[in-house]
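> Sharing input13.pdb, PDB, C-alpha atoms, pLDDT in the B column:
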MODEL        1
ATOM      1  CA  MET J 106      16.432  29.868  26.945  1.00 54.00           C
ATOM      2  CA  GLU J 107      14.115  30.453  29.873  1.00 66.00           C
ATOM      3  CA  LEU J 108      13.006  27.597  32.109  1.00 59.00           C
ATOM      4  CA  PHE J 109       9.448  27.746  30.729  1.00 67.00           C
ATOM      5  CA  ASP J 110      10.800  27.494  27.157  1.00 79.00           C
ATOM      6  CA  GLU J 111      12.932  24.516  28.185  1.00 84.00           C
ATOM      7  CA  TYR J 112       9.802  22.739  29.429  1.00 90.00           C
ATOM      8  CA  LYS J 113       7.962  23.586  26.210  1.00 90.00           C
ATOM      9  CA  TYR J 114      10.929  22.355  24.156  1.00 89.00           C
ATOM     10  CA  ALA J 115      10.942  19.067  26.097  1.00 93.00           C
ATOM     11  CA  TYR J 116       7.165  18.741  25.664  1.00 95.00           C
ATOM     12  CA  TYR J 117       7.272  19.135  21.866  1.00 96.00           C
ATOM     13  CA  TYR J 118      10.384  16.978  21.567  1.00 95.00           C
ATOM     14  CA  THR J 119       8.531  14.225  23.457  1.00 96.00           C
ATOM     15  CA  LEU J 120       5.509  14.562  21.158  1.00 97.00           C
ATOM     16  CA  ARG J 121       7.702  14.297  18.037  1.00 97.00           C
ATOM     17  CA  ARG J 122       9.426  11.250  19.487  1.00 97.00           C
ATOM     18  CA  GLU J 123       6.092   9.639  20.383  1.00 98.00           C
ATOM     19  CA  ALA J 124       4.809  10.271  16.850  1.00 98.00           C
ATOM     20  CA  ARG J 125       7.851   8.500  15.366  1.00 97.00           C
ATOM     21  CA  SER J 126       7.454   5.626  17.840  1.00 97.00           C
ATOM     22  CA  ARG J 127       3.816   5.130  16.831  1.00 97.00           C
ATOM     23  CA  VAL J 128       4.765   5.052  13.162  1.00 97.00           C
ATOM     24  CA  VAL J 129       7.512   2.480  13.762  1.00 95.00           C
ATOM     25  CA  LYS J 130       5.076   0.248  15.681  1.00 95.00           C
ATOM     26  CA  ALA J 131       2.442   0.567  12.938  1.00 94.00           C
ATOM     27  CA  LEU J 132       4.982  -0.224  10.199  1.00 92.00           C
ATOM     28  CA  ASN J 133       6.301  -3.232  12.113  1.00 90.00           C
ATOM     29  CA  ARG J 134       2.729  -4.591  12.406  1.00 91.00           C
ATOM     30  CA  ARG J 135       2.221  -4.229   8.633  1.00 88.00           C
ATOM     31  CA  ILE J 136       5.499  -5.835   7.552  1.00 87.00           C
ATOM     32  CA  ARG J 137       4.713  -9.506   7.065  1.00 85.00           C
ATOM     33  CA  SER J 138       6.551 -10.868   4.045  1.00 88.00           C
ATOM     34  CA  GLU J 139      10.269 -11.532   3.770  1.00 90.00           C
ATOM     35  CA  SER J 140      10.542  -9.081   0.857  1.00 88.00           C
ATOM     36  CA  ASP J 141       8.892  -6.335   2.958  1.00 85.00           C
ATOM     37  CA  ARG J 142      11.249  -7.090   5.844  1.00 87.00           C
ATOM     38  CA  GLU J 143      14.194  -6.851   3.457  1.00 86.00           C
ATOM     39  CA  THR J 144      12.953  -3.541   2.004  1.00 86.00           C
ATOM     40  CA  TRP J 145      12.396  -1.921   5.416  1.00 87.00           C
ATOM     41  CA  ARG J 146      15.437  -3.455   7.127  1.00 88.00           C
ATOM     42  CA  GLY J 147      17.597  -0.896   8.898  1.00 90.00           C
ATOM     43  CA  ILE J 148      15.117   2.006   8.677  1.00 92.00           C
ATOM     44  CA  THR J 149      15.300   4.506  11.532  1.00 95.00           C
ATOM     45  CA  LEU J 150      13.089   7.548  12.063  1.00 97.00           C
ATOM     46  CA  ALA J 151      14.978  10.265  13.906  1.00 97.00           C
ATOM     47  CA  SER J 152      15.115  13.968  14.639  1.00 97.00           C
ATOM     48  CA  ILE J 153      16.956  16.065  12.098  1.00 97.00           C
ATOM     49  CA  LYS J 154      20.344  16.785  13.601  1.00 96.00           C
ATOM     50  CA  LYS J 155      23.645  18.103  12.286  1.00 96.00           C
ATOM     51  CA  ASP J 156      24.596  14.685  10.840  1.00 97.00           C
ATOM     52  CA  ALA J 157      21.514  14.677   8.597  1.00 97.00           C
ATOM     53  CA  VAL J 158      22.116  18.266   7.495  1.00 96.00           C
ATOM     54  CA  ASP J 159      25.754  17.464   6.685  1.00 96.00           C
ATOM     55  CA  TYR J 160      24.761  14.324   4.780  1.00 95.00           C
ATOM     56  CA  ALA J 161      22.289  16.270   2.627  1.00 94.00           C
ATOM     57  CA  THR J 162      24.780  19.074   2.102  1.00 93.00           C
ATOM     58  CA  PHE J 163      27.728  16.934   1.068  1.00 92.00           C
ATOM     59  CA  LYS J 164      26.232  13.691  -0.326  1.00 92.00           C
ATOM     60  CA  TRP J 165      22.899  14.688  -1.842  1.00 91.00           C
ATOM     61  CA  SER J 166      24.395  17.719  -3.556  1.00 86.00           C
ATOM     62  CA  LYS J 167      26.515  15.405  -5.741  1.00 87.00           C
ATOM     63  CA  PHE J 168      23.335  14.141  -7.426  1.00 84.00           C
ATOM     64  CA  TYR J 169      21.602  17.437  -8.225  1.00 79.00           C
ATOM     65  CA  ASP J 170      21.737  17.574 -11.995  1.00 76.00           C
ATOM     66  CA  GLY J 171      19.173  20.251 -12.854  1.00 68.00           C
ATOM     67  CA  ASP J 172      17.086  17.868 -14.973  1.00 66.00           C
ATOM     68  CA  THR J 173      15.745  15.161 -12.681  1.00 63.00           C
ATOM     69  CA  HIS J 174      17.054  16.300  -9.286  1.00 68.00           C
ATOM     70  CA  HIS J 175      16.873  19.892  -8.116  1.00 69.00           C
ATOM     71  CA  PRO J 176      18.123  21.282  -4.818  1.00 75.00           C
ATOM     72  CA  LEU J 177      15.688  23.091  -2.562  1.00 82.00           C
ATOM     73  CA  PRO J 178      15.756  26.882  -2.965  1.00 84.00           C
ATOM     74  CA  VAL J 179      17.178  27.113   0.573  1.00 91.00           C
ATOM     75  CA  THR J 180      19.831  24.951   2.220  1.00 92.00           C
ATOM     76  CA  TRP J 181      19.048  22.283   4.798  1.00 93.00           C
ATOM     77  CA  GLU J 182      21.511  24.002   7.114  1.00 95.00           C
ATOM     78  CA  ARG J 183      19.538  27.229   6.966  1.00 95.00           C
ATOM     79  CA  LEU J 184      16.270  25.333   7.484  1.00 96.00           C
ATOM     80  CA  TYR J 185      17.766  23.466  10.430  1.00 97.00           C
ATOM     81  CA  HIS J 186      18.691  26.704  12.183  1.00 95.00           C
ATOM     82  CA  ALA J 187      15.373  28.398  11.375  1.00 96.00           C
ATOM     83  CA  TYR J 188      13.152  25.509  12.464  1.00 96.00           C
ATOM     84  CA  SER J 189      15.184  24.606  15.528  1.00 92.00           C
ATOM     85  CA  ALA J 190      14.223  27.998  16.933  1.00 90.00           C
ATOM     86  CA  LYS J 191      10.506  27.113  16.679  1.00 92.00           C
ATOM     87  CA  LEU J 192       9.646  25.018  19.735  1.00 93.00           C
ATOM     88  CA  ALA J 193       6.651  23.184  18.225  1.00 95.00           C
ATOM     89  CA  HIS J 194       8.218  22.544  14.800  1.00 96.00           C
ATOM     90  CA  PHE J 195       7.910  19.191  13.026  1.00 98.00           C
ATOM     91  CA  ASN J 196      10.974  17.382  11.744  1.00 98.00           C
ATOM     92  CA  VAL J 197      11.922  13.868  10.738  1.00 98.00           C
ATOM     93  CA  ALA J 198      14.964  12.253   9.140  1.00 98.00           C
ATOM     94  CA  VAL J 199      14.624   8.806   7.576  1.00 97.00           C
ATOM     95  CA  TRP J 200      17.873   6.830   7.805  1.00 96.00           C
ATOM     96  CA  GLN J 201      18.647   3.339   6.557  1.00 93.00           C
ATOM     97  CA  THR J 202      21.560   1.339   7.908  1.00 92.00           C
ATOM     98  CA  LEU J 203      23.007  -1.010   5.299  1.00 89.00           C
ATOM     99  CA  PRO J 204      26.270  -2.978   5.232  1.00 89.00           C
ATOM    100  CA  GLU J 205      27.904  -0.045   3.413  1.00 87.00           C
ATOM    101  CA  GLY J 206      26.831   2.386   6.154  1.00 90.00           C
ATOM    102  CA  GLN J 207      24.047   4.810   7.009  1.00 93.00           C
ATOM    103  CA  ILE J 208      22.138   6.402   4.149  1.00 94.00           C
ATOM    104  CA  LEU J 209      19.818   9.380   4.605  1.00 96.00           C
ATOM    105  CA  ARG J 210      16.664   8.535   2.642  1.00 95.00           C
ATOM    106  CA  GLY J 211      14.649  11.692   3.244  1.00 95.00           C
ATOM    107  CA  MET J 212      13.828  14.562   5.591  1.00 97.00           C
ATOM    108  CA  ALA J 213      11.072  17.051   6.280  1.00 97.00           C
ATOM    109  CA  PHE J 214      10.481  20.212   8.291  1.00 98.00           C
ATOM    110  CA  GLY J 215       7.177  21.840   9.125  1.00 97.00           C
ATOM    111  CA  LYS J 216       5.278  23.732  11.774  1.00 96.00           C
ATOM    112  CA  PRO J 217       1.819  23.952  13.263  1.00 96.00           C
ATOM    113  CA  SER J 218      -0.388  26.980  12.728  1.00 92.00           C
ATOM    114  CA  GLY J 219      -0.699  29.487  15.553  1.00 87.00           C
ATOM    115  CA  GLY J 220      -4.032  28.025  16.661  1.00 88.00           C
ATOM    116  CA  LYS J 221      -2.828  24.487  15.937  1.00 88.00           C
ATOM    117  CA  THR J 222      -5.685  23.863  13.492  1.00 91.00           C
ATOM    118  CA  HIS J 223      -3.218  22.433  11.007  1.00 94.00           C
ATOM    119  CA  LEU J 224       0.356  21.176  10.700  1.00 96.00           C
ATOM    120  CA  THR J 225       2.133  22.239   7.520  1.00 95.00           C
ATOM    121  CA  ILE J 226       5.014  20.332   5.985  1.00 97.00           C
ATOM    122  CA  ASN J 227       6.942  23.229   4.497  1.00 95.00           C
ATOM    123  CA  TRP J 228      10.042  21.370   3.278  1.00 96.00           C
ATOM    124  CA  LEU J 229      10.332  17.774   2.161  1.00 95.00           C
ATOM    125  CA  GLU J 230      13.051  16.055   0.174  1.00 93.00           C
ATOM    126  CA  ARG J 231      13.802  12.498  -0.823  1.00 91.00           C
ATOM    127  CA  SER J 232      17.353  11.397  -1.400  1.00 90.00           C
ATOM    128  CA  PRO J 233      18.457  11.966  -5.009  1.00 88.00           C
ATOM    129  CA  GLU J 234      21.017   9.158  -4.688  1.00 88.00           C
ATOM    130  CA  PRO J 235      20.636   6.483  -7.401  1.00 84.00           C
ATOM    131  CA  ASP J 236      19.927   3.636  -4.946  1.00 83.00           C
ATOM    132  CA  TYR J 237      16.659   5.169  -3.773  1.00 74.00           C
ATOM    133  CA  PHE J 238      14.585   3.620  -0.985  1.00 81.00           C
ATOM    134  CA  LYS J 239      12.149   1.227  -2.628  1.00 76.00           C
ATOM    135  CA  GLY J 240       9.747   1.263   0.339  1.00 76.00           C
ATOM    136  CA  GLY J 241       8.790   4.848  -0.409  1.00 88.00           C
ATOM    137  CA  VAL J 242      10.156   7.486   1.941  1.00 92.00           C
ATOM    138  CA  LEU J 243       6.937   9.514   1.769  1.00 94.00           C
ATOM    139  CA  LEU J 244       5.071   6.873   3.769  1.00 95.00           C
ATOM    140  CA  PRO J 245       7.057   7.248   7.012  1.00 96.00           C
ATOM    141  CA  ILE J 246       7.439  11.022   6.638  1.00 97.00           C
ATOM    142  CA  LEU J 247       3.716  11.608   6.123  1.00 97.00           C
ATOM    143  CA  ALA J 248       2.797   9.104   8.832  1.00 97.00           C
ATOM    144  CA  CYS J 249       5.063  10.929  11.318  1.00 98.00           C
ATOM    145  CA  ALA J 250       3.514  14.275  10.389  1.00 98.00           C
ATOM    146  CA  GLU J 251       0.013  12.853  10.784  1.00 98.00           C
ATOM    147  CA  GLU J 252       0.765  11.328  14.186  1.00 98.00           C
ATOM    148  CA  TYR J 253       2.371  14.543  15.400  1.00 98.00           C
ATOM    149  CA  ALA J 254      -0.632  16.524  14.133  1.00 97.00           C
ATOM    150  CA  LYS J 255      -2.980  14.222  16.060  1.00 97.00           C
ATOM    151  CA  LEU J 256      -0.917  14.630  19.228  1.00 97.00           C
ATOM    152  CA  LEU J 257      -1.114  18.420  18.817  1.00 96.00           C
ATOM    153  CA  GLY J 258      -4.867  18.254  18.197  1.00 96.00           C
ATOM    154  CA  CYS J 259      -4.605  19.566  14.623  1.00 95.00           C
ATOM    155  CA  GLU J 260      -7.533  19.115  12.260  1.00 94.00           C
ATOM    156  CA  ARG J 261      -5.424  18.522   9.149  1.00 95.00           C
ATOM    157  CA  VAL J 262      -1.946  18.152   7.675  1.00 96.00           C
ATOM    158  CA  LEU J 263      -1.019  20.464   4.808  1.00 95.00           C
ATOM    159  CA  ILE J 264       1.861  20.063   2.376  1.00 95.00           C
ATOM    160  CA  LYS J 265       3.035  23.377   0.975  1.00 93.00           C
ATOM    161  CA  ASN J 266       3.851  23.705  -2.729  1.00 89.00           C
ATOM    162  CA  ALA J 267       4.024  19.973  -3.461  1.00 87.00           C
ATOM    163  CA  LEU J 268       5.901  19.467  -6.734  1.00 82.00           C
ATOM    164  CA  SER J 269       3.605  16.582  -7.719  1.00 87.00           C
ATOM    165  CA  PRO J 270       0.307  16.945  -5.853  1.00 88.00           C
ATOM    166  CA  ALA J 271      -1.064  13.780  -7.482  1.00 90.00           C
ATOM    167  CA  GLU J 272       1.760  11.790  -5.844  1.00 91.00           C
ATOM    168  CA  PHE J 273       0.172  12.452  -2.444  1.00 94.00           C
ATOM    169  CA  GLU J 274      -3.302  11.217  -3.441  1.00 93.00           C
ATOM    170  CA  ARG J 275      -2.460   7.592  -2.647  1.00 92.00           C
ATOM    171  CA  TYR J 276      -1.770   8.733   0.939  1.00 94.00           C
ATOM    172  CA  GLY J 277      -5.198  10.384   1.234  1.00 95.00           C
ATOM    173  CA  TYR J 278      -4.172  13.961   0.355  1.00 95.00           C
ATOM    174  CA  GLY J 279      -6.070  16.255  -1.995  1.00 93.00           C
ATOM    175  CA  ARG J 280      -6.339  19.923  -2.881  1.00 89.00           C
ATOM    176  CA  SER J 281      -6.890  22.001   0.240  1.00 85.00           C
ATOM    177  CA  GLU J 282      -9.811  24.325   0.800  1.00 77.00           C
ATOM    178  CA  HIS J 283      -8.280  25.507   4.109  1.00 70.00           C
ATOM    179  CA  ALA J 284      -4.949  26.609   2.698  1.00 69.00           C
ATOM    180  CA  PRO J 285      -3.273  29.801   3.850  1.00 70.00           C
ATOM    181  CA  LYS J 286      -2.986  32.415   1.110  1.00 73.00           C
ATOM    182  CA  GLY J 287      -0.003  32.763  -1.202  1.00 74.00           C
ATOM    183  CA  ALA J 288       0.849  29.118  -1.930  1.00 82.00           C
ATOM    184  CA  THR J 289      -0.705  25.877  -3.096  1.00 89.00           C
ATOM    185  CA  TYR J 290      -1.397  23.108  -0.619  1.00 92.00           C
ATOM    186  CA  VAL J 291      -2.552  19.523  -0.526  1.00 94.00           C
ATOM    187  CA  ALA J 292      -4.241  18.394   2.676  1.00 94.00           C
ATOM    188  CA  LYS J 293      -5.451  15.418   4.650  1.00 96.00           C
ATOM    189  CA  GLU J 294      -8.076  15.767   7.366  1.00 94.00           C
ATOM    190  CA  MET J 295      -7.211  14.144  10.684  1.00 92.00           C
ATOM    191  CA  SER J 296      -9.661  11.973  12.541  1.00 80.00           C
ATOM    192  CA  GLN J 297      -9.087  12.306  16.272  1.00 58.00           C
TER     193      GLN J 297
ENDMDL
END
Have the structure of the file written as structure tokens, please.

Amino acid sequence: MELFDEYKYAYYYTLRREARSRVVKALNRRIRSESDRETWRGITLASIKKDAVDYATFKWSKFYDGDTHHPLPVTWERLYHAYSAKLAHFNVAVWQTLPEGQILRGMAFGKPSGGKTHLTINWLERSPEPDYFKGGVLLPILACAEEYAKLLGCERVLIKNALSPAEFERYGYGRSEHAPKGATYVAKEMSQ
């Protein structure tokens, strides 16, 4: 990696980290009741690293049954290697630390468009484990994507090929008129 690329890598890494920090601060301001504190206790927003990929590979795969839980058409390991090579990529892993240990609640990968008009979440998965996260893992994932998009100066966040587009409506997403060709997208416009 050339020196210039190392600076660019550090720049985008810092932006991703700042986006996660903003989301954590916003969530902490909104958590008021004891039940909310209990629900969100132990949640950490982190970069996707080898530990998250291994967790998804070895733990999540036990719960893919073909009826209610389907694996992605590509492995998280392959996605990790492909997206790690893209300096400006988006990624987030949602972990929860409980007395029984750390549980990976969800992850997402995406990338900004060439002109940075939009950030696309290309891959998103919630844990298929039976003790799902009751706080809703989409909230922190989408919030991180939105904050990162704002930091990049993007006009919108797109979600590619959402399995249940209606599920994203409560987060302000709707059918996209600005979608790249060849797939379906839901989008949310960013206010700078």
> Mind pulling up the distance from CA of Ser152 in chain J to CA of Ala115 in chain J?
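So the answer is 13.2 Å.
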> Of the candidates J:Ile136, J:Leu256, J:Val291, J:Ile148, which shows the shortest atom-to-atom distance to Tyr116 in chain J, using all atoms listed in the file?
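Smallest separation from Tyr116 in chain J among the options: J:Leu256.
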> Return the single residue from J:Pro245, J:Pro178, J:Gly240, J:Gly206 that is closest to Trp228 in chain J, with distances computed using only C-alpha atoms.
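Ranking J:Pro245, J:Pro178, J:Gly240, J:Gly206 by distance to Trp228 in chain J, first place goes to J:Pro178.
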> Can you turn the PyMOL selection byres ((chain J and resi 223) around 7) into a concrete residue list for this file, as a count of residues only?
11
> Name the closest residue to Asp236 in chain J among the candidates J:Ala292, J:Leu203, J:Ile153, J:Ala193; distances are taken between atoms, counting all atoms listed in the file.
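Smallest distance to Asp236 in chain J is found for J:Leu203.
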> Could you work out an axis-aligned bounding box for all listed atoms of range 194-206 of chain J, with 5 Å added on each of the six sides, and give its centre and edge lengths in Å to one decimal, as lines of an AutoDock Vina configuration file?

center_x = 17.9
center_y = 9.8
center_z = 9.1
size_x = 30.0
size_y = 35.5
size_z = 21.4
> One number please: CA of Gly277 in chain J to CA of Cys249 in chain J, in Å, one decimal.
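Computing the Euclidean distance for CA of Gly277 in chain J and CA of Cys249 in chain J yields 14.4 Å.
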> Would you please work out which residue, of J:Leu177, J:Ala254, J:Leu209, J:Ile226, is nearest to Phe238 in chain J when using only C-alpha atoms?
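Checking each of J:Leu177, J:Ala254, J:Leu209, J:Ile226 against Phe238 in chain J, counting only C-alpha atoms, the winner is J:Leu209.
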> Residues picked by the PyMOL selection byres ((chain J and resi 231) around 10) here, as a VMD selection string?
chain J and resid 161 165 174 199 209 to 213 229 to 230 232 to 234 237 to 238 241 to 243 246
> List the spatial neighbours of Pro270 in chain J as a list in words - criterion: any atom at most 10 Å away, all atoms listed in the file, same-chain residues fewer than 6 positions off excluded.
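Residues meeting the cut-off are Ile264, Tyr278, Gly279, Arg280, Thr289, Tyr290, Val291 and Ala292 of chain J.
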> For Lys216 in chain J, which residue among J:Leu184, J:Trp145, J:Glu282, J:Lys154 is the nearest when counting only C-alpha atoms?
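Using only C-alpha atoms, Lys216 in chain J sits closest to J:Leu184.
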